[in-house]
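Chemist: File name coords.cif; file contents mmCIF, C-alpha atoms; full text below.
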data_structure
#
loop_
_atom_site.label_atom_id
_atom_site.label_comp_id
_atom_site.auth_asym_id
_atom_site.auth_seq_id
_atom_site.Cartn_x
_atom_site.Cartn_y
_atom_site.Cartn_z
CA MET A 1 -69.44 2.98 268.43
CA ASN A 2 -67.66 4.73 265.54
CA ASN A 3 -69.51 7.98 264.78
CA ASP A 4 -69.04 10.30 261.81
CA TYR A 5 -68.37 14.01 262.12
CA LEU A 6 -68.36 16.89 259.66
CA GLY A 7 -65.51 19.35 259.36
CA LEU A 8 -65.65 22.48 257.19
CA ASP A 9 -62.91 24.90 256.17
CA ALA A 10 -64.34 27.87 254.29
CA GLY A 11 -62.10 30.72 253.16
CA GLY A 12 -61.84 33.45 250.60
CA THR A 13 -60.49 31.14 247.89
CA SER A 14 -62.37 27.89 248.40
CA THR A 15 -64.64 25.87 250.67
CA ARG A 16 -63.74 22.32 251.71
CA ALA A 17 -65.79 19.82 253.69
CA VAL A 18 -64.84 16.43 255.12
CA VAL A 19 -66.64 13.59 256.87
CA VAL A 20 -64.34 11.91 259.39
CA SER A 21 -64.99 8.93 261.66
CA SER A 22 -64.11 9.00 265.35
CA ASP A 23 -61.02 6.86 264.73
CA GLY A 24 -59.63 9.54 262.40
CA ARG A 25 -60.47 8.06 259.01
CA CYS A 26 -61.65 10.60 256.45
CA ARG A 27 -64.48 9.05 254.48
CA GLY A 28 -65.70 11.75 252.09
CA ILE A 29 -64.80 15.23 250.91
CA GLY A 30 -66.39 18.10 249.01
CA LYS A 31 -65.16 21.31 247.44
CA ALA A 32 -66.75 24.54 246.24
CA GLY A 33 -65.94 28.23 245.75
CA SER A 34 -65.46 31.00 248.28
CA GLY A 35 -67.33 30.45 251.54
CA ASN A 36 -66.31 33.72 253.17
CA PRO A 37 -69.54 35.71 253.64
CA THR A 38 -67.65 38.97 254.14
CA SER A 39 -65.82 38.86 250.82
CA ALA A 40 -68.13 36.70 248.69
CA GLY A 41 -71.47 37.79 250.14
CA ILE A 42 -73.70 35.64 252.31
CA ASP A 43 -75.73 34.17 249.42
CA ALA A 44 -72.67 33.00 247.49
CA ALA A 45 -71.00 31.77 250.69
CA THR A 46 -73.95 29.69 251.84
CA THR A 47 -74.34 28.22 248.35
CA ALA A 48 -70.67 27.16 248.35
CA ILE A 49 -70.84 25.77 251.89
CA ARG A 50 -73.97 23.76 251.16
CA SER A 51 -72.45 22.38 247.96
CA ALA A 52 -69.23 21.26 249.68
CA VAL A 53 -71.11 19.65 252.58
CA THR A 54 -73.50 17.85 250.22
CA GLN A 55 -70.57 16.41 248.27
CA ALA A 56 -68.81 15.25 251.44
CA LEU A 57 -71.92 13.57 252.85
CA THR A 58 -72.74 11.92 249.52
CA SER A 59 -69.24 10.61 248.85
CA SER A 60 -68.89 9.28 252.41
CA LYS A 61 -72.33 7.64 252.29
CA ALA A 62 -72.93 9.03 255.75
CA GLY A 63 -76.63 9.47 256.33
CA THR A 64 -76.10 11.67 259.37
CA VAL A 65 -73.23 13.08 261.41
CA ALA A 66 -72.96 13.16 265.19
CA GLY A 67 -71.29 16.56 265.22
CA ALA A 68 -70.10 19.37 262.97
CA ALA A 69 -67.34 21.95 263.31
CA LEU A 70 -67.41 24.86 260.88
CA ALA A 71 -64.25 26.93 260.44
CA VAL A 72 -65.53 29.81 258.32
CA ALA A 73 -63.52 32.94 257.59
CA GLY A 74 -65.60 36.10 257.80
CA ALA A 75 -68.44 34.48 259.76
CA GLY A 76 -68.12 36.44 262.99
CA ASP A 77 -71.42 38.22 262.43
CA PRO A 78 -74.30 36.37 264.16
CA GLY A 79 -76.53 36.94 261.16
CA ASN A 80 -74.03 35.25 258.85
CA ARG A 81 -73.74 32.30 261.21
CA ALA A 82 -77.51 31.96 261.39
CA ALA A 83 -77.74 31.98 257.59
CA ILE A 84 -75.10 29.24 257.32
CA VAL A 85 -76.87 27.07 259.91
CA ALA A 86 -80.16 27.55 258.07
CA ALA A 87 -78.57 26.59 254.75
CA LEU A 88 -77.40 23.30 256.27
CA SER A 89 -80.45 22.55 258.41
CA ASP A 90 -81.70 19.68 256.26
CA LEU A 91 -78.21 18.20 255.85
CA VAL A 92 -76.83 18.55 259.37
CA VAL A 93 -79.45 17.93 262.04
CA VAL A 94 -77.06 18.54 264.98
CA GLU A 95 -76.21 22.07 266.07
CA PRO A 96 -72.86 22.92 264.42
CA VAL A 97 -70.01 24.52 266.31
CA PHE A 98 -68.25 27.49 264.71
CA ASP A 99 -64.50 27.81 265.10
CA PHE A 100 -61.68 29.93 263.72
CA ASP A 101 -60.38 29.21 260.23
CA VAL A 102 -56.86 29.91 261.47
CA LEU A 103 -57.17 26.97 263.86
CA ALA A 104 -58.08 24.72 260.94
CA ALA A 105 -54.92 25.97 259.24
CA TYR A 106 -52.87 25.24 262.35
CA PHE A 107 -54.15 21.70 262.87
CA SER A 108 -53.51 20.94 259.21
CA GLY A 109 -49.82 20.87 260.09
CA THR A 110 -49.66 19.37 263.57
CA ALA A 111 -51.63 17.61 266.30
CA SER A 112 -49.81 19.56 269.04
CA PRO A 113 -52.20 21.63 271.19
CA ASP A 114 -49.61 24.39 271.57
CA GLY A 115 -47.75 26.25 268.83
CA TYR A 116 -48.03 28.87 266.11
CA VAL A 117 -49.41 29.26 262.62
CA LEU A 118 -48.38 31.85 260.06
CA LEU A 119 -51.07 32.14 257.42
CA SER A 120 -50.78 33.79 254.01
CA GLY A 121 -53.58 33.07 251.60
CA THR A 122 -56.04 35.63 250.35
CA GLY A 123 -55.50 37.24 253.77
CA ALA A 124 -52.62 37.00 256.24
CA SER A 125 -52.27 36.59 259.98
CA ALA A 126 -50.25 34.89 262.70
CA VAL A 127 -51.78 33.00 265.61
CA ARG A 128 -50.56 31.56 268.89
CA VAL A 129 -52.37 28.38 269.89
CA GLU A 130 -52.52 27.25 273.52
CA ASP A 131 -54.32 24.11 274.65
CA GLY A 132 -55.92 23.91 271.22
CA GLN A 133 -57.44 27.36 271.49
CA LEU A 134 -56.68 30.67 269.79
CA ALA A 135 -54.65 32.55 272.42
CA GLY A 136 -53.24 35.43 270.36
CA ILE A 137 -53.56 36.82 266.86
CA SER A 138 -51.81 39.51 264.83
CA ASP A 139 -53.05 41.07 261.59
CA GLY A 140 -55.86 39.31 259.78
CA LEU A 141 -57.45 42.75 259.64
CA GLY A 142 -58.73 42.32 256.10
CA TRP A 143 -57.68 43.62 252.70
CA LEU A 144 -58.53 47.23 253.47
CA LEU A 145 -56.73 47.57 256.80
CA GLY A 146 -53.98 44.95 256.88
CA ASP A 147 -53.20 41.42 255.66
CA VAL A 148 -49.58 42.37 254.94
CA GLY A 149 -47.87 39.73 252.81
CA SER A 150 -51.14 38.08 251.78
CA GLY A 151 -52.21 37.08 248.30
CA PHE A 152 -54.30 40.24 248.07
CA TRP A 153 -51.43 42.40 249.29
CA LEU A 154 -49.02 40.83 246.79
CA GLY A 155 -51.51 41.11 243.95
CA ARG A 156 -52.18 44.77 244.71
CA GLU A 157 -48.46 45.53 244.74
CA VAL A 158 -48.04 43.67 241.45
CA VAL A 159 -50.76 45.77 239.86
CA ARG A 160 -49.39 49.03 241.24
CA ALA A 161 -45.85 48.25 240.13
CA GLY A 162 -47.01 46.99 236.74
CA LEU A 163 -49.07 50.09 235.98
CA ALA A 164 -46.58 52.64 237.32
CA PRO A 165 -44.27 52.65 234.24
CA LEU A 166 -47.30 53.16 231.99
CA ASP A 167 -48.04 56.27 234.04
CA GLY A 168 -44.44 57.53 233.96
CA ARG A 169 -44.01 57.03 237.71
CA GLY A 170 -42.12 53.80 238.19
CA ALA A 171 -39.13 51.72 237.18
CA ALA A 172 -39.42 49.40 234.22
CA THR A 173 -40.44 45.93 235.34
CA VAL A 174 -41.31 42.55 233.88
CA LEU A 175 -44.54 42.83 235.86
CA THR A 176 -46.02 45.24 233.32
CA GLY A 177 -45.96 42.73 230.48
CA LEU A 178 -47.13 39.88 232.73
CA LEU A 179 -50.02 41.97 234.01
CA LEU A 180 -51.15 43.04 230.55
CA ASP A 181 -50.96 39.44 229.32
CA ARG A 182 -53.08 38.26 232.24
CA LEU A 183 -55.63 40.97 231.49
CA GLY A 184 -55.61 40.13 227.79
CA ILE A 185 -54.61 43.69 226.82
CA THR A 186 -52.41 44.44 223.80
CA PRO A 187 -50.14 47.48 224.28
CA ASP A 188 -51.52 50.52 222.48
CA GLU A 189 -49.81 53.92 222.70
CA THR A 190 -52.76 55.80 221.21
CA PRO A 191 -53.51 58.83 223.44
CA GLN A 192 -56.82 58.83 225.32
CA GLY A 193 -57.43 61.83 227.55
CA GLY A 194 -53.73 62.31 228.23
CA ARG A 195 -53.07 58.64 228.94
CA THR A 196 -52.21 55.75 226.67
CA ALA A 197 -54.97 53.45 225.53
CA THR A 198 -53.09 50.66 227.31
CA LEU A 199 -53.33 52.33 230.72
CA VAL A 200 -56.97 53.28 230.19
CA ALA A 201 -57.91 49.71 229.25
CA ALA A 202 -55.92 48.19 232.13
CA THR A 203 -57.39 50.44 234.81
CA ALA A 204 -60.91 49.91 233.45
CA ALA A 205 -60.47 46.13 233.57
CA LEU A 206 -59.07 46.20 237.09
CA TYR A 207 -61.74 48.48 238.51
CA ALA A 208 -64.41 46.24 237.02
CA MET A 209 -63.23 43.44 239.34
CA PRO A 210 -64.20 42.99 242.98
CA PRO A 211 -61.24 44.26 245.07
CA LEU A 212 -60.28 40.83 246.39
CA ARG A 213 -59.75 39.60 242.83
CA LEU A 214 -56.42 41.44 242.95
CA ALA A 215 -55.17 38.33 244.77
CA ASP A 216 -55.36 36.56 241.40
CA PHE A 217 -52.24 38.46 240.33
CA ALA A 218 -50.07 37.43 243.30
CA SER A 219 -48.39 34.60 241.41
CA LEU A 220 -46.95 37.06 238.89
CA VAL A 221 -44.53 38.44 241.48
CA PHE A 222 -42.90 35.02 241.87
CA THR A 223 -42.64 34.61 238.10
CA ALA A 224 -41.03 38.02 237.70
CA ALA A 225 -38.68 37.58 240.66
CA GLY A 226 -37.59 34.23 239.26
CA ALA A 227 -36.64 36.05 236.05
CA GLY A 228 -34.43 38.41 238.03
CA ASP A 229 -36.76 41.40 238.13
CA GLU A 230 -35.62 43.81 240.86
CA VAL A 231 -39.04 45.41 241.35
CA ALA A 232 -40.63 42.02 241.97
CA ALA A 233 -37.80 41.04 244.30
CA GLY A 234 -38.40 44.22 246.29
CA ILE A 235 -42.09 43.38 246.67
CA LEU A 236 -41.21 39.94 248.02
CA ASP A 237 -38.70 41.50 250.42
CA GLN A 238 -41.45 43.72 251.84
CA ALA A 239 -43.88 40.82 252.06
CA ALA A 240 -41.38 38.61 253.87
CA GLU A 241 -40.51 41.35 256.34
CA GLY A 242 -44.18 42.07 257.01
CA LEU A 243 -45.02 38.42 257.63
CA ARG A 244 -42.05 38.00 259.97
CA GLU A 245 -43.18 41.06 261.95
CA THR A 246 -46.70 39.64 262.16
CA LEU A 247 -45.37 36.34 263.51
CA ALA A 248 -43.07 38.06 266.01
CA ALA A 249 -46.09 39.89 267.44
CA VAL A 250 -47.64 36.65 268.74
CA ARG A 251 -44.54 34.75 269.82
CA THR A 252 -43.97 34.27 273.53
CA PRO A 253 -41.32 32.35 275.50
CA ASP A 254 -44.08 30.42 277.24
CA VAL A 255 -45.07 28.59 274.04
CA GLU A 256 -42.36 26.61 272.29
CA GLY A 257 -44.56 24.44 270.11
CA PRO A 258 -44.30 23.88 266.35
CA LEU A 259 -44.70 26.55 263.71
CA VAL A 260 -47.07 25.82 260.83
CA ALA A 261 -46.96 27.81 257.59
CA ALA A 262 -50.31 27.71 255.81
CA GLY A 263 -52.41 29.40 253.15
CA SER A 264 -52.19 29.32 249.37
CA VAL A 265 -49.23 31.71 249.12
CA LEU A 266 -46.96 29.82 251.51
CA ALA A 267 -48.18 26.35 250.50
CA ARG A 268 -47.59 26.96 246.78
CA GLN A 269 -44.26 28.73 247.23
CA PRO A 270 -42.18 26.51 249.55
CA ASP A 271 -38.99 28.52 248.96
CA PHE A 272 -40.76 31.69 250.05
CA ALA A 273 -42.25 29.87 253.05
CA ALA A 274 -38.79 28.67 254.09
CA ARG A 275 -37.47 32.20 253.77
CA VAL A 276 -40.24 33.72 255.87
CA ALA A 277 -40.59 30.96 258.45
CA PRO A 278 -37.48 28.74 258.56
CA GLY A 279 -38.19 25.30 259.98
CA ALA A 280 -41.96 25.61 259.71
CA VAL A 281 -44.18 22.68 258.76
CA VAL A 282 -45.83 23.71 255.50
CA ALA A 283 -49.50 22.68 255.53
CA THR A 284 -50.71 22.17 252.00
CA ASP A 285 -54.31 21.15 252.78
CA GLY A 286 -56.48 22.99 255.31
CA LEU A 287 -59.00 20.17 255.18
CA ALA A 288 -56.95 18.05 257.60
CA GLY A 289 -57.34 20.78 260.20
CA ALA A 290 -61.10 20.87 259.67
CA ALA A 291 -61.24 17.14 260.38
CA VAL A 292 -59.13 17.57 263.52
CA LEU A 293 -61.40 20.38 264.77
CA ALA A 294 -64.48 18.21 264.20
CA LEU A 295 -62.92 15.43 266.26
CA ARG A 296 -61.69 17.73 269.01
CA HIS A 297 -65.11 19.34 269.41
CA ALA A 298 -66.60 15.84 269.69
CA GLY A 299 -64.27 15.08 272.58
CA VAL A 300 -62.01 12.74 270.60
CA LEU A 301 -58.37 12.77 271.68
CA VAL A 302 -56.38 13.56 268.54
CA ASP A 303 -52.97 12.10 269.29
CA ASP A 304 -50.22 11.45 266.76
CA ALA A 305 -51.74 8.11 265.70
CA VAL A 306 -55.18 9.58 265.05
CA TYR A 307 -53.60 12.55 263.29
CA ARG A 308 -51.66 10.26 260.96
CA ARG A 309 -54.88 8.44 260.08
CA VAL A 310 -56.54 11.75 259.30
CA THR A 311 -53.78 12.91 256.98
CA SER A 312 -53.15 9.54 255.29
CA SER A 313 -56.83 8.81 254.64
CA LEU A 314 -57.36 12.36 253.39
CA ALA A 315 -54.44 11.97 250.98
CA GLN A 316 -56.04 8.82 249.57
CA LEU A 317 -59.33 10.63 249.02
CA THR A 318 -57.74 13.60 247.28
CA GLU A 319 -55.75 11.31 244.97
CA VAL A 320 -58.93 9.75 243.59
#
Would you encode the structure as structure tokens?

Modeler:
Amino acid sequence: MNNDYLGLDAGGTSTRAVVVSSDGRCRGIGKAGSGNPTSAGIDAATTAIRSAVTQALTSSKAGTVAGAALAVAGAGDPGNRAAIVAALSDLVVVEPVFDFDVLAAYFSGTASPDGYVLLSGTGASAVRVEDGQLAGISDGLGWLLGDVGSGFWLGREVVRAGLAPLDGRGAATVLTGLLLDRLGITPDETPQGGRTATLVAATAALYAMPPLRLADFASLVFTAAGAGDEVAAGILDQAAEGLRETLAAVRTPDVEGPLVAAGSVLARQPDFAARVAPGAVVATDGLAGAAVLALRHAGVLVDDAVYRRVTSSLAQLTEV
């Protein structure tokens, strides 16, 4: 009998759901906004998760699923997990299993049960995987305490470096103009309380955003560095060094498996990924890992053949 299973990968940027059959064929997908209850809030997260799951079930024409694996960033709190289960109760009648979002990232790049994943998206961490389980993790401490080299970290450094010349404290950088353009602010040297109107407007706009929105500015550092900006290049040097240190913290001679580079920063910047993690498999779609987790939790052996069916069928769905 060929059962269907639900896999979910919910992070700070987006929420993705997939219905996969026991032979590894992905049959339906769904996508919504941030599903991280810590950063987005539990109401917004459950709304996004329900929307993505509804889309996946509808597009797959699966009336029910025999199992569900939910990889949700920021869902460690039992109350958050209970709220997510409640939000899906009429869609998923089986008891879902919660797993780590970093494992979904890992299995998006390989079927091997042993190896490593270096993740840089909105947050950043490195994980050692043994026998398909999370065996060690470094960083992933969140935007306030860590996540060195993440999209948030890069965006915050872009903003700091871009504003510094306006405050008379930093070297001139292309980042200033890029930042002001992104904010829709026209330079204005009119004094306001000892500062320029430009700086006043920029700081007001930035403080009006939720802190994690600083990740939206991460891409500017790659644009500026590509134009030869030394300040931007220095930020990328620090990010690369921080990510390498994070990865080194989980490496052990006992595990020689593959290295997967995942997350929006590394997936969208392959040159940077190659610099930080030479030889890594760059996983561009965390949804494949969600499908693998759903199958693994159902007791399905995900060998190379099944894994290829997962990735190839998922590619066909995303091309539609």

Chemist: Set the distance at 9 Å and use all atoms listed in the file: which residues neighbour Ala75 of chain A once local chain neighbours fewer than 3 positions away are removed? I'd like the list as a PyMOL selection string.

Modeler: chain A and resi 36-38+71-72+78-81+84+98

Chemist: Run the PyMOL selection byres ((chain A and resi 207-223) around 8) mentally over the shown coordinates, then write out the matched residues as a list of chain:residue names, using the chain letters and numbers from the document.

Modeler: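 When the PyMOL selection byres ((chain A and resi 207-223) around 8) is applied to the shown file, the picked residues are A:Ser39, A:Thr122, A:Trp143, A:Gly151, A:Phe152, A:Trp153, A:Leu154, A:Gly155, A:Arg156, A:Val158, A:Val159, A:Leu175, A:Leu178, A:Leu179, A:Thr203, A:Ala204, A:Ala205, A:Leu206, A:Ala224, A:Ala225, A:Gly226, A:Ala227, A:Ala232, A:Ala233, A:Ile235, A:Leu236.
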
Chemist: For Asp304 of chain A, please output as a ChimeraX atom specification all residues within 10 Å (counting only C-alpha atoms; exclusion window: fewer than 4 positions along the same chain).

Modeler: /A:110-112,308-310

Chemist: I'd like the interatomic distance between atom CA of Ala291 of chain A and atom CA of Val102 of chain A, to a tenth of an Å.

Modeler: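 About the pair atom CA of Ala291 of chain A and atom CA of Val102 of chain A: they are 13.5 Å apart.
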
Chemist: For Ala267 of chain A, list every protein, DNA or RNA residue within 9 Å, evaluated using all atoms listed in the file, and leave out those in the same chain fewer than 5 positions away; present the list as a ChimeraX atom specification.

Modeler: /A:120-121,261-262,273,282-285

Chemist: Of the residues A:Asp303, A:Asp99, A:Asp23, A:Asp43, which is the one nearest to Gln133 of chain A, using only C-alpha atoms?

Modeler: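 So, comparing all the options, the nearest one is A:Asp99.
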
Chemist: Rounded to one decimal place, report the atom CA of Ala86 of chain A-atom CA of Ala45 of chain A distance in Å.

Modeler: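 Separation between atom CA of Ala86 of chain A and atom CA of Ala45 of chain A: 12.5 Å.
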
Chemist: Applied to the shown file, which residues does the PyMOL selection byres ((chain A and resi 317) around 8) return, written as a PyMOL selection string?

Modeler: chain A and resi 26-29+313-316+318-320

Chemist: Selection in question (the file shown): the PyMOL selection byres ((chain A and resi 126) around 12). Which residues does it include, as a CSV table (one decimal) with C-alpha atoms, keeping the file's coordinate frame?

Modeler:
chain,number,residue,atom,x,y,z
A,101,ASP,CA,-60.4,29.2,260.2
A,102,VAL,CA,-56.9,29.9,261.5
A,103,LEU,CA,-57.2,27.0,263.9
A,105,ALA,CA,-54.9,26.0,259.2
A,106,TYR,CA,-52.9,25.2,262.4
A,115,GLY,CA,-47.8,26.2,268.8
A,116,TYR,CA,-48.0,28.9,266.1
A,117,VAL,CA,-49.4,29.3,262.6
A,118,LEU,CA,-48.4,31.8,260.1
A,119,LEU,CA,-51.1,32.1,257.4
A,120,SER,CA,-50.8,33.8,254.0
A,121,GLY,CA,-53.6,33.1,251.6
A,123,GLY,CA,-55.5,37.2,253.8
A,124,ALA,CA,-52.6,37.0,256.2
A,125,SER,CA,-52.3,36.6,260.0
A,127,VAL,CA,-51.8,33.0,265.6
A,128,ARG,CA,-50.6,31.6,268.9
A,129,VAL,CA,-52.4,28.4,269.9
A,134,LEU,CA,-56.7,30.7,269.8
A,135,ALA,CA,-54.6,32.6,272.4
A,136,GLY,CA,-53.2,35.4,270.4
A,137,ILE,CA,-53.6,36.8,266.9
A,138,SER,CA,-51.8,39.5,264.8
A,139,ASP,CA,-53.0,41.1,261.6
A,140,GLY,CA,-55.9,39.3,259.8
A,141,LEU,CA,-57.4,42.8,259.6
A,147,ASP,CA,-53.2,41.4,255.7
A,148,VAL,CA,-49.6,42.4,254.9
A,149,GLY,CA,-47.9,39.7,252.8
A,150,SER,CA,-51.1,38.1,251.8
A,242,GLY,CA,-44.2,42.1,257.0
A,243,LEU,CA,-45.0,38.4,257.6
A,244,ARG,CA,-42.0,38.0,260.0
A,245,GLU,CA,-43.2,41.1,262.0
A,246,THR,CA,-46.7,39.6,262.2
A,247,LEU,CA,-45.4,36.3,263.5
A,248,ALA,CA,-43.1,38.1,266.0
A,249,ALA,CA,-46.1,39.9,267.4
A,250,VAL,CA,-47.6,36.6,268.7
A,251,ARG,CA,-44.5,34.8,269.8
A,259,LEU,CA,-44.7,26.6,263.7
A,260,VAL,CA,-47.1,25.8,260.8
A,261,ALA,CA,-47.0,27.8,257.6
A,262,ALA,CA,-50.3,27.7,255.8
A,263,GLY,CA,-52.4,29.4,253.2
A,277,ALA,CA,-40.6,31.0,258.4
